[in-house]
$ cat start_8.pdb   # PDB, C-alpha atoms
ATOM      1  CA  MET Q   1      53.584  35.341  75.262
ATOM      2  CA  THR Q   2      53.107  38.666  77.063
ATOM      3  CA  VAL Q   3      49.966  40.721  77.708
ATOM      4  CA  ASN Q   4      50.686  42.391  74.345
ATOM      5  CA  GLY Q   5      50.666  39.124  72.410
ATOM      6  CA  GLU Q   6      52.960  38.506  69.462
ATOM      7  CA  GLN Q   7      55.542  41.194  68.734
ATOM      8  CA  TYR Q   8      55.843  42.021  65.029
ATOM      9  CA  GLU Q   9      59.139  43.657  64.071
ATOM     10  CA  ILE Q  10      59.530  45.461  60.746
ATOM     11  CA  THR Q  11      62.745  47.093  59.536
ATOM     12  CA  ASP Q  12      64.171  49.123  56.677
ATOM     13  CA  GLY Q  13      67.850  49.938  57.115
ATOM     14  CA  PRO Q  14      68.228  52.022  60.306
ATOM     15  CA  VAL Q  15      64.447  52.256  60.829
ATOM     16  CA  ARG Q  16      62.840  49.718  63.148
ATOM     17  CA  ALA Q  17      59.300  49.366  64.488
ATOM     18  CA  VAL Q  18      57.664  46.786  66.742
ATOM     19  CA  ILE Q  19      53.876  46.329  66.692
ATOM     20  CA  ASN Q  20      51.774  44.553  69.317
ATOM     21  CA  GLU Q  21      49.336  41.826  68.337
ATOM     22  CA  VAL Q  22      46.953  43.066  71.065
ATOM     23  CA  GLY Q  23      45.438  46.369  70.011
ATOM     24  CA  ALA Q  24      47.728  46.601  66.952
ATOM     25  CA  ALA Q  25      49.618  49.273  68.884
ATOM     26  CA  PRO Q  26      53.103  50.365  67.789
ATOM     27  CA  ARG Q  27      55.361  49.783  70.819
ATOM     28  CA  ILE Q  28      58.696  50.895  69.349
ATOM     29  CA  LEU Q  29      59.841  53.232  66.585
ATOM     30  CA  GLU Q  30      63.579  53.783  66.315
ATOM     31  CA  ILE Q  31      65.506  55.618  63.631
ATOM     32  CA  GLY Q  32      69.258  55.250  63.767
ATOM     33  CA  GLY Q  33      68.916  53.855  67.281
ATOM     34  CA  LEU Q  34      67.030  56.901  68.591
ATOM     35  CA  PRO Q  35      63.430  56.557  69.857
ATOM     36  CA  TYR Q  36      60.711  58.484  68.027
ATOM     37  CA  LEU Q  37      57.818  57.005  69.993
ATOM     38  CA  GLU Q  38      57.545  56.613  73.751
ATOM     39  CA  THR Q  39      57.861  52.945  74.641
ATOM     40  CA  TYR Q  40      57.488  50.453  77.504
ATOM     41  CA  PRO Q  41      58.597  46.883  78.283
ATOM     42  CA  ASP Q  42      56.843  44.190  76.276
ATOM     43  CA  GLU Q  43      55.626  42.482  79.451
ATOM     44  CA  HIS Q  44      53.660  45.604  80.469
ATOM     45  CA  ALA Q  45      50.296  46.724  79.114
ATOM     46  CA  PRO Q  46      50.437  49.983  77.120
ATOM     47  CA  PRO Q  47      50.418  52.859  79.638
ATOM     48  CA  MET Q  48      48.064  55.807  79.193
ATOM     49  CA  GLY Q  49      46.556  54.437  75.968
ATOM     50  CA  CYS Q  50      49.985  54.406  74.342
ATOM     51  CA  GLY Q  51      49.743  53.621  70.624
ATOM     52  CA  ALA Q  52      46.096  52.543  70.697
ATOM     53  CA  VAL Q  53      44.144  52.221  67.439
ATOM     54  CA  LEU Q  54      40.818  53.973  68.033
ATOM     55  CA  VAL Q  55      37.998  52.361  66.024
ATOM     56  CA  PRO Q  56      35.048  52.851  65.547
ATOM     57  CA  TRP Q  57      35.361  56.149  67.413
ATOM     58  CA  PRO Q  58      38.268  58.064  68.944
ATOM     59  CA  ASN Q  59      38.200  59.734  72.334
ATOM     60  CA  ARG Q  60      34.954  59.508  74.358
ATOM     61  CA  VAL Q  61      31.216  58.907  74.046
ATOM     62  CA  GLY Q  62      29.442  60.691  76.897
ATOM     63  CA  GLY Q  63      27.567  58.231  79.097
ATOM     64  CA  GLY Q  64      28.339  55.575  76.483
ATOM     65  CA  ARG Q  65      25.001  56.501  74.893
ATOM     66  CA  TRP Q  66      24.211  57.514  71.332
ATOM     67  CA  THR Q  67      21.304  57.177  68.935
ATOM     68  CA  TYR Q  68      21.277  55.040  65.794
ATOM     69  CA  ALA Q  69      18.252  54.812  63.494
ATOM     70  CA  GLY Q  70      16.075  56.260  66.239
ATOM     71  CA  GLN Q  71      17.199  53.712  68.829
ATOM     72  CA  THR Q  72      19.311  54.492  71.902
ATOM     73  CA  GLN Q  73      22.554  52.531  71.941
ATOM     74  CA  GLN Q  74      24.344  51.826  75.233
ATOM     75  CA  LEU Q  75      28.050  51.057  75.045
ATOM     76  CA  ALA Q  76      30.079  49.556  77.876
ATOM     77  CA  LEU Q  77      31.485  52.268  80.146
ATOM     78  CA  THR Q  78      35.196  51.612  79.733
ATOM     79  CA  GLU Q  79      36.019  54.853  81.562
ATOM     80  CA  PRO Q  80      33.728  54.287  84.557
ATOM     81  CA  ALA Q  81      35.085  57.105  86.743
ATOM     82  CA  ARG Q  82      33.894  59.622  84.146
ATOM     83  CA  GLY Q  83      30.959  57.560  82.927
ATOM     84  CA  ASN Q  84      32.201  57.350  79.345
ATOM     85  CA  ALA Q  85      32.854  54.798  76.637
ATOM     86  CA  SER Q  86      36.451  55.521  75.669
ATOM     87  CA  HIS Q  87      38.611  54.989  72.587
ATOM     88  CA  GLY Q  88      36.583  52.525  70.564
ATOM     89  CA  LEU Q  89      36.163  48.769  70.715
ATOM     90  CA  LEU Q  90      39.449  47.251  69.531
ATOM     91  CA  ARG Q  91      42.088  48.325  72.073
ATOM     92  CA  HIS Q  92      42.178  44.911  73.771
ATOM     93  CA  THR Q  93      41.480  42.758  70.708
ATOM     94  CA  SER Q  94      44.038  40.422  69.143
ATOM     95  CA  TRP Q  95      44.606  41.654  65.593
ATOM     96  CA  GLN Q  96      45.586  38.999  63.070
ATOM     97  CA  PRO Q  97      48.247  39.377  60.355
ATOM     98  CA  GLU Q  98      46.803  39.645  56.852
ATOM     99  CA  SER Q  99      50.101  40.229  55.048
ATOM    100  CA  ARG Q 100      53.701  40.761  56.048
ATOM    101  CA  SER Q 101      57.076  41.624  54.533
ATOM    102  CA  ALA Q 102      60.378  42.786  56.013
ATOM    103  CA  ALA Q 103      59.278  46.436  56.114
ATOM    104  CA  GLU Q 104      55.475  46.192  56.295
ATOM    105  CA  ILE Q 105      52.691  44.411  58.133
ATOM    106  CA  THR Q 106      48.906  44.572  57.836
ATOM    107  CA  LEU Q 107      46.801  43.525  60.835
ATOM    108  CA  GLY Q 108      43.026  43.061  60.833
ATOM    109  CA  ALA Q 109      40.225  42.761  63.376
ATOM    110  CA  ASP Q 110      36.424  42.724  63.415
ATOM    111  CA  VAL Q 111      34.151  45.127  65.242
ATOM    112  CA  ASN Q 112      31.333  42.694  65.929
ATOM    113  CA  VAL Q 113      27.716  43.572  66.638
ATOM    114  CA  GLN Q 114      27.456  44.009  70.415
ATOM    115  CA  PRO Q 115      25.660  46.098  73.020
ATOM    116  CA  GLY Q 116      25.894  49.683  71.825
ATOM    117  CA  TRP Q 117      27.270  48.881  68.354
ATOM    118  CA  PRO Q 118      24.726  47.659  65.768
ATOM    119  CA  VAL Q 119      26.688  47.049  62.528
ATOM    120  CA  ARG Q 120      29.658  44.763  61.881
ATOM    121  CA  LEU Q 121      32.850  46.400  60.620
ATOM    122  CA  ARG Q 122      36.205  45.056  59.482
ATOM    123  CA  ALA Q 123      39.227  47.187  60.402
ATOM    124  CA  THR Q 124      42.787  46.852  59.166
ATOM    125  CA  VAL Q 125      45.917  48.844  59.899
ATOM    126  CA  THR Q 126      49.094  48.711  57.815
ATOM    127  CA  TYR Q 127      52.440  49.747  59.271
ATOM    128  CA  ARG Q 128      55.273  50.437  56.818
ATOM    129  CA  VAL Q 129      58.760  51.598  57.759
ATOM    130  CA  HIS Q 130      60.900  53.532  55.295
ATOM    131  CA  ALA Q 131      63.894  55.860  55.268
ATOM    132  CA  GLU Q 132      61.992  58.760  56.860
ATOM    133  CA  GLY Q 133      60.039  56.869  59.501
ATOM    134  CA  LEU Q 134      56.688  55.080  59.734
ATOM    135  CA  THR Q 135      53.486  55.289  57.668
ATOM    136  CA  ILE Q 136      50.195  53.986  59.086
ATOM    137  CA  THR Q 137      47.176  53.308  56.877
ATOM    138  CA  HIS Q 138      43.749  52.504  58.324
ATOM    139  CA  THR Q 139      40.867  50.901  56.473
ATOM    140  CA  VAL Q 140      37.337  50.309  57.716
ATOM    141  CA  ALA Q 141      34.843  48.198  55.766
ATOM    142  CA  ASN Q 142      31.112  47.928  56.400
ATOM    143  CA  ARG Q 143      30.317  44.197  56.620
ATOM    144  CA  GLY Q 144      26.715  44.773  57.682
ATOM    145  CA  HIS Q 145      23.437  45.503  55.913
ATOM    146  CA  ARG Q 146      22.897  49.111  57.049
ATOM    147  CA  GLU Q 147      24.872  52.316  56.829
ATOM    148  CA  ILE Q 148      26.834  53.285  59.924
ATOM    149  CA  PRO Q 149      28.629  56.431  61.134
ATOM    150  CA  PHE Q 150      32.087  56.050  62.656
ATOM    151  CA  GLY Q 151      35.391  57.732  63.364
ATOM    152  CA  VAL Q 152      39.044  56.687  63.491
ATOM    153  CA  GLY Q 153      41.949  57.858  65.589
ATOM    154  CA  ALA Q 154      45.261  56.814  67.087
ATOM    155  CA  HIS Q 155      47.028  57.500  70.380
ATOM    156  CA  PRO Q 156      50.782  57.823  69.703
ATOM    157  CA  TYR Q 157      53.225  59.559  72.020
ATOM    158  CA  PRO Q 158      55.813  61.000  69.598
ATOM    159  CA  ARG Q 159      59.271  61.630  70.981
ATOM    160  CA  ALA Q 160      61.963  63.928  69.572
ATOM    161  CA  GLY Q 161      64.775  61.426  69.897
ATOM    162  CA  ALA Q 162      66.738  61.833  73.128
ATOM    163  CA  ALA Q 163      65.218  65.239  73.989
ATOM    164  CA  ALA Q 164      63.236  65.689  77.191
ATOM    165  CA  THR Q 165      59.622  66.706  76.593
ATOM    166  CA  ASP Q 166      60.092  69.912  78.588
ATOM    167  CA  ASP Q 167      62.944  70.911  76.273
ATOM    168  CA  CYS Q 168      60.724  70.669  73.196
ATOM    169  CA  THR Q 169      58.460  73.038  71.303
ATOM    170  CA  LEU Q 170      55.092  72.100  69.829
ATOM    171  CA  GLU Q 171      53.550  73.341  66.581
ATOM    172  CA  LEU Q 172      50.074  72.294  65.431
ATOM    173  CA  ALA Q 173      48.112  72.712  62.209
ATOM    174  CA  ALA Q 174      44.941  73.294  64.253
ATOM    175  CA  THR Q 175      42.856  76.478  64.025
ATOM    176  CA  THR Q 176      40.037  75.664  66.486
ATOM    177  CA  ALA Q 177      39.473  73.854  69.780
ATOM    178  CA  VAL Q 178      36.519  72.620  71.779
ATOM    179  CA  GLU Q 179      36.106  73.296  75.461
ATOM    180  CA  LEU Q 180      35.840  70.092  77.454
ATOM    181  CA  ASP Q 181      34.067  69.562  80.752
ATOM    182  CA  PRO Q 182      37.035  69.291  83.168
ATOM    183  CA  GLU Q 183      35.672  66.170  84.857
ATOM    184  CA  ARG Q 184      33.915  64.248  82.079
ATOM    185  CA  LYS Q 185      36.171  65.397  79.180
ATOM    186  CA  ILE Q 186      33.105  65.795  76.956
ATOM    187  CA  PRO Q 187      32.667  68.942  74.805
ATOM    188  CA  THR Q 188      30.560  71.696  76.320
ATOM    189  CA  GLY Q 189      30.027  73.620  73.084
ATOM    190  CA  ALA Q 190      30.993  74.105  69.461
ATOM    191  CA  PRO Q 191      34.589  74.515  68.194
ATOM    192  CA  THR Q 192      35.945  78.060  68.549
ATOM    193  CA  PRO Q 193      38.939  79.773  66.890
ATOM    194  CA  ILE Q 194      42.197  79.587  68.831
ATOM    195  CA  ALA Q 195      43.909  82.611  67.237
ATOM    196  CA  GLY Q 196      45.340  84.843  69.957
ATOM    197  CA  THR Q 197      44.463  82.461  72.805
ATOM    198  CA  ASP Q 198      46.615  80.310  75.081
ATOM    199  CA  LEU Q 199      45.754  77.359  72.818
ATOM    200  CA  ASP Q 200      47.256  78.900  69.686
ATOM    201  CA  PHE Q 201      50.084  76.572  68.632
ATOM    202  CA  ARG Q 202      50.099  77.522  64.945
ATOM    203  CA  THR Q 203      53.663  78.695  65.536
ATOM    204  CA  ALA Q 204      56.055  76.706  67.707
ATOM    205  CA  ARG Q 205      55.739  77.242  71.448
ATOM    206  CA  PRO Q 206      57.716  75.728  74.354
ATOM    207  CA  LEU Q 207      56.028  72.828  76.146
ATOM    208  CA  ARG Q 208      57.609  73.507  79.506
ATOM    209  CA  ASP Q 209      54.903  74.353  82.079
ATOM    210  CA  VAL Q 210      52.155  73.721  79.482
ATOM    211  CA  GLU Q 211      49.459  71.234  80.459
ATOM    212  CA  LEU Q 212      47.064  70.077  77.761
ATOM    213  CA  ASP Q 213      44.285  67.549  77.431
ATOM    214  CA  THR Q 214      42.660  69.366  74.564
ATOM    215  CA  ALA Q 215      40.733  68.529  71.396
ATOM    216  CA  PHE Q 216      41.950  70.748  68.568
ATOM    217  CA  GLY Q 217      40.127  70.977  65.238
ATOM    218  CA  GLY Q 218      40.265  72.756  61.909
ATOM    219  CA  CYS Q 219      43.639  71.215  61.072
ATOM    220  CA  LEU Q 220      44.691  72.761  57.771
ATOM    221  CA  PRO Q 221      46.791  70.907  55.206
ATOM    222  CA  ALA Q 222      49.998  72.478  53.941
ATOM    223  CA  ALA Q 223      50.978  72.931  50.297
ATOM    224  CA  ASP Q 224      51.735  69.199  50.023
ATOM    225  CA  GLY Q 225      48.113  68.406  50.890
ATOM    226  CA  LEU Q 226      48.948  66.935  54.298
ATOM    227  CA  VAL Q 227      48.354  68.078  57.866
ATOM    228  CA  HIS Q 228      51.580  68.568  59.861
ATOM    229  CA  HIS Q 229      52.201  68.684  63.630
ATOM    230  CA  LEU Q 230      55.762  69.162  64.877
ATOM    231  CA  LEU Q 231      57.509  68.346  68.153
ATOM    232  CA  ARG Q 232      61.044  69.755  68.091
ATOM    233  CA  GLY Q 233      63.894  69.356  70.566
ATOM    234  CA  PRO Q 234      67.338  70.952  70.721
ATOM    235  CA  GLY Q 235      68.871  68.312  68.447
ATOM    236  CA  GLY Q 236      66.024  67.771  65.981
ATOM    237  CA  GLY Q 237      62.399  66.840  65.962
ATOM    238  CA  VAL Q 238      59.615  64.500  65.043
ATOM    239  CA  GLU Q 239      56.709  65.289  62.748
ATOM    240  CA  LEU Q 240      53.285  63.691  62.802
ATOM    241  CA  TRP Q 241      51.678  64.125  59.381
ATOM    242  CA  ALA Q 242      48.191  63.048  58.320
ATOM    243  CA  ASP Q 243      45.723  63.005  55.473
ATOM    244  CA  PRO Q 244      43.308  65.966  55.654
ATOM    245  CA  VAL Q 245      40.508  63.660  56.861
ATOM    246  CA  PHE Q 246      42.358  63.668  60.190
ATOM    247  CA  SER Q 247      41.229  67.232  60.782
ATOM    248  CA  TRP Q 248      41.225  66.829  64.569
ATOM    249  CA  VAL Q 249      44.058  66.222  66.997
ATOM    250  CA  GLN Q 250      43.937  65.557  70.734
ATOM    251  CA  VAL Q 251      47.028  66.735  72.591
ATOM    252  CA  TYR Q 252      47.698  65.305  76.045
ATOM    253  CA  THR Q 253      50.728  66.148  78.212
ATOM    254  CA  PRO Q 254      50.762  63.759  81.181
ATOM    255  CA  GLY Q 255      53.400  63.495  83.840
ATOM    256  CA  GLY Q 256      54.451  60.127  85.156
ATOM    257  CA  PHE Q 257      54.785  58.220  81.878
ATOM    258  CA  PRO Q 258      56.612  55.079  83.044
ATOM    259  CA  GLY Q 259      60.357  55.395  82.642
ATOM    260  CA  ARG Q 260      60.027  58.815  81.072
ATOM    261  CA  GLY Q 261      58.162  61.349  83.214
ATOM    262  CA  ARG Q 262      56.586  64.068  81.092
ATOM    263  CA  ALA Q 263      55.359  62.891  77.689
ATOM    264  CA  VAL Q 264      53.103  64.268  74.971
ATOM    265  CA  ALA Q 265      50.417  62.416  73.023
ATOM    266  CA  ILE Q 266      49.569  63.877  69.624
ATOM    267  CA  GLU Q 267      46.486  61.928  68.565
ATOM    268  CA  PRO Q 268      45.229  62.261  64.962
ATOM    269  CA  MET Q 269      41.437  61.908  64.822
ATOM    270  CA  THR Q 270      38.839  62.123  62.069
ATOM    271  CA  CYS Q 271      36.282  63.585  64.496
ATOM    272  CA  PRO Q 272      36.145  65.229  67.939
ATOM    273  CA  PRO Q 273      35.176  63.755  71.314
ATOM    274  CA  ASP Q 274      31.538  62.625  71.580
ATOM    275  CA  ALA Q 275      31.117  62.735  67.800
ATOM    276  CA  LEU Q 276      28.563  59.907  67.870
ATOM    277  CA  ASN Q 277      26.331  62.431  69.672
ATOM    278  CA  ASN Q 278      27.361  65.817  68.286
ATOM    279  CA  GLY Q 279      27.720  64.494  64.729
ATOM    280  CA  LEU Q 280      30.820  66.551  63.904
ATOM    281  CA  ASP Q 281      32.903  65.107  61.055
ATOM    282  CA  LEU Q 282      31.553  61.582  61.339
ATOM    283  CA  ILE Q 283      32.205  59.321  58.342
ATOM    284  CA  THR Q 284      29.236  57.289  57.071
ATOM    285  CA  LEU Q 285      29.807  53.928  55.391
ATOM    286  CA  GLU Q 286      27.205  52.209  53.240
ATOM    287  CA  PRO Q 287      27.010  48.393  53.249
ATOM    288  CA  GLY Q 288      29.976  46.953  51.355
ATOM    289  CA  GLN Q 289      31.814  50.294  51.301
ATOM    290  CA  THR Q 290      35.423  50.733  52.494
ATOM    291  CA  TRP Q 291      37.137  53.851  53.808
ATOM    292  CA  SER Q 292      40.905  54.448  54.035
ATOM    293  CA  GLY Q 293      43.129  57.117  55.564
ATOM    294  CA  SER Q 294      46.811  57.485  56.432
ATOM    295  CA  TRP Q 295      49.105  59.292  58.835
ATOM    296  CA  GLY Q 296      52.703  58.880  59.821
ATOM    297  CA  ILE Q 297      55.709  59.818  61.918
ATOM    298  CA  ARG Q 298      59.055  60.978  60.576
ATOM    299  CA  ALA Q 299      62.250  62.431  61.943
ATOM    300  CA  VAL Q 300      63.064  66.032  61.002
ATOM    301  CA  GLY Q 301      66.275  67.989  61.392
TER     302      GLY Q 301
END
$ encode --input "start_8.pdb" --output "structure tokens"
Amino acid sequence: MTVNGEQYEITDGPVRAVINEVGAAPRILEIGGLPYLETYPDEHAPPMGCGAVLVPWPNRVGGGRWTYAGQTQQLALTEPARGNASHGLLRHTSWQPESRSAAEITLGADVNVQPGWPVRLRATVTYRVHAEGLTITHTVANRGHREIPFGVGAHPYPRAGAAATDDCTLELAATTAVELDPERKIPTGAPTPIAGTDLDFRTARPLRDVELDTAFGGCLPAADGLVHHLLRGPGGGVELWADPVFSWVQVYTPGGFPGRGRAVAIEPMTCPPDALNNGLDLITLEPGQTWSGSWGIRAVG
């Protein structure tokens, strides 16, 4: 058993995915033998948040503090250098299988009442491989006795097959962005339009020499009702699609991804950084209520 726990493999013809027990993170997605997610050895912890399921909030909570029902909540500072609570409460939890077939697995975990989080939630994530790629469906159920606001996100690093990141172009469905404090990575103001700015990726732009750690919003669905973000290399590309509820996307372009160098995270989110404080696009669940939303990754020519 590695630090990632059990490895759950699902397949459908030439499509193969491997999901970690710990964090329910997808570690591998291959289509026809080509990688469409950045990966890492199974004996290593996920680097740079790779594949993390972000519940009950994506991104950061400034100071780990927020207010619920008039009471200040103090979360553990899991990003101590910046003084933030980062990426939810389930990244290091063992998720348990609820159902499984050759091409699909559903994993579940509880967000228990704890310092900084006052209402119990049940989260599940279903991974299903198919001819085009991988579909991910999240559910969150309120198991407590009071309503609770929350958000959901994921931290995949899509990869356009064998193409180097610097040889790819990026196209986003986003129309706005929020400025982040360069040190704390917490928003300093409201979302602003990106049209005509250096952050305008509504048409494909080369990634070479572009450095991003940016929260984009206003993601508009296409005619099919879905949001689409596209990373394209010389020989083809990879698309991250999402339900419209994932109207935010964090894009991060680190160097030094182990075994890869430059990589790009395209992180679908239902709300922006620090949403538990700024209130933007939070989802509120009543006791006994369940929410669901989907996104996915597919190869494109």
$ resolve_selection --input "start_8.pdb" --expression "the PyMOL selection byres ((chain Q and resi 3-5) around 12)" --output "PyMOL selection string"
chain Q and resi 1-2+6-8+18-27+40-47+51-52+91-96
$ write_last_selection --input "start_8.pdb" --atoms "C-alpha atoms" --output "PDB file, keeping the file's coordinate frame"
ATOM      1  CA  MET Q   1      53.584  35.341  75.262  1.00  0.00           C
ATOM      2  CA  THR Q   2      53.107  38.666  77.063  1.00  0.00           C
ATOM      3  CA  GLU Q   6      52.960  38.506  69.462  1.00  0.00           C
ATOM      4  CA  GLN Q   7      55.542  41.194  68.734  1.00  0.00           C
ATOM      5  CA  TYR Q   8      55.843  42.021  65.029  1.00  0.00           C
ATOM      6  CA  VAL Q  18      57.664  46.786  66.742  1.00  0.00           C
ATOM      7  CA  ILE Q  19      53.876  46.329  66.692  1.00  0.00           C
ATOM      8  CA  ASN Q  20      51.774  44.553  69.317  1.00  0.00           C
ATOM      9  CA  GLU Q  21      49.336  41.826  68.337  1.00  0.00           C
ATOM     10  CA  VAL Q  22      46.953  43.066  71.065  1.00  0.00           C
ATOM     11  CA  GLY Q  23      45.438  46.369  70.011  1.00  0.00           C
ATOM     12  CA  ALA Q  24      47.728  46.601  66.952  1.00  0.00           C
ATOM     13  CA  ALA Q  25      49.618  49.273  68.884  1.00  0.00           C
ATOM     14  CA  PRO Q  26      53.103  50.365  67.789  1.00  0.00           C
ATOM     15  CA  ARG Q  27      55.361  49.783  70.819  1.00  0.00           C
ATOM     16  CA  TYR Q  40      57.488  50.453  77.504  1.00  0.00           C
ATOM     17  CA  PRO Q  41      58.597  46.883  78.283  1.00  0.00           C
ATOM     18  CA  ASP Q  42      56.843  44.190  76.276  1.00  0.00           C
ATOM     19  CA  GLU Q  43      55.626  42.482  79.451  1.00  0.00           C
ATOM     20  CA  HIS Q  44      53.660  45.604  80.469  1.00  0.00           C
ATOM     21  CA  ALA Q  45      50.296  46.724  79.114  1.00  0.00           C
ATOM     22  CA  PRO Q  46      50.437  49.983  77.120  1.00  0.00           C
ATOM     23  CA  PRO Q  47      50.418  52.859  79.638  1.00  0.00           C
ATOM     24  CA  GLY Q  51      49.743  53.621  70.624  1.00  0.00           C
ATOM     25  CA  ALA Q  52      46.096  52.543  70.697  1.00  0.00           C
ATOM     26  CA  ARG Q  91      42.088  48.325  72.073  1.00  0.00           C
ATOM     27  CA  HIS Q  92      42.178  44.911  73.771  1.00  0.00           C
ATOM     28  CA  THR Q  93      41.480  42.758  70.708  1.00  0.00           C
ATOM     29  CA  SER Q  94      44.038  40.422  69.143  1.00  0.00           C
ATOM     30  CA  TRP Q  95      44.606  41.654  65.593  1.00  0.00           C
ATOM     31  CA  GLN Q  96      45.586  38.999  63.070  1.00  0.00           C
TER      32      GLN Q  96
END
$ closest_residue --input "start_8.pdb" --among "Q:Ser101, Q:Asn278, Q:Thr176, Q:Thr197" --to "Ser247 in chain Q" --atoms "only C-alpha atoms"
Q:Thr176
$ resolve_selection --input "start_8.pdb" --expression "the PyMOL selection byres ((chain Q and resi 127-129) around 6)" --output "VMD selection string"
chain Q and resid 103 to 105 126 130 133 to 136
$ write_last_selection --input "start_8.pdb" --atoms "C-alpha atoms" --output "PDB file, keeping the file's coordinate frame"
ATOM      1  CA  ALA Q 103      59.278  46.436  56.114  1.00  0.00           C
ATOM      2  CA  GLU Q 104      55.475  46.192  56.295  1.00  0.00           C
ATOM      3  CA  ILE Q 105      52.691  44.411  58.133  1.00  0.00           C
ATOM      4  CA  THR Q 126      49.094  48.711  57.815  1.00  0.00           C
ATOM      5  CA  HIS Q 130      60.900  53.532  55.295  1.00  0.00           C
ATOM      6  CA  GLY Q 133      60.039  56.869  59.501  1.00  0.00           C
ATOM      7  CA  LEU Q 134      56.688  55.080  59.734  1.00  0.00           C
ATOM      8  CA  THR Q 135      53.486  55.289  57.668  1.00  0.00           C
ATOM      9  CA  ILE Q 136      50.195  53.986  59.086  1.00  0.00           C
TER      10      ILE Q 136
END
$ residues_around --input "start_8.pdb" --residues "Ala173 in chain Q" --least-positions-apart "3" --cutoff "7 Å" --atoms "all atoms listed in the file" --output "PyMOL selection string"
chain Q and resi 202+219-220+227-229
$ closest_residue --input "start_8.pdb" --among "Q:Val300, Q:Val61, Q:Val15, Q:Leu75" --to "Val113 in chain Q" --atoms "all atoms listed in the file"
Q:Leu75
$ residues_around --input "start_8.pdb" --residues "range 258-271 of chain Q" --least-positions-apart "5" --cutoff "7 Å" --atoms "only C-alpha atoms" --output "list of chain:residue names"
Q:Pro58, Q:Gly151, Q:Val152, Q:Gly153, Q:Ala154, Q:His155, Q:Pro156, Q:Tyr157, Q:Pro158, Q:Thr165, Q:Val245, Q:Phe246, Q:Ser247, Q:Trp248, Q:Val249, Q:Gln250, Q:Val251, Q:Tyr252, Q:Thr253, Q:Leu280, Q:Asp281, Q:Leu282
$ closest_residue --input "start_8.pdb" --among "Q:Arg16, Q:His138, Q:Arg298, Q:Arg159" --to "Gly108 in chain Q" --atoms "only C-alpha atoms"
Q:His138
$ closest_residue --input "start_8.pdb" --among "Q:Gln114, Q:Thr11, Q:Gln289, Q:Asn59" --to "Thr214 in chain Q" --atoms "all atoms listed in the file"
Q:Asn59
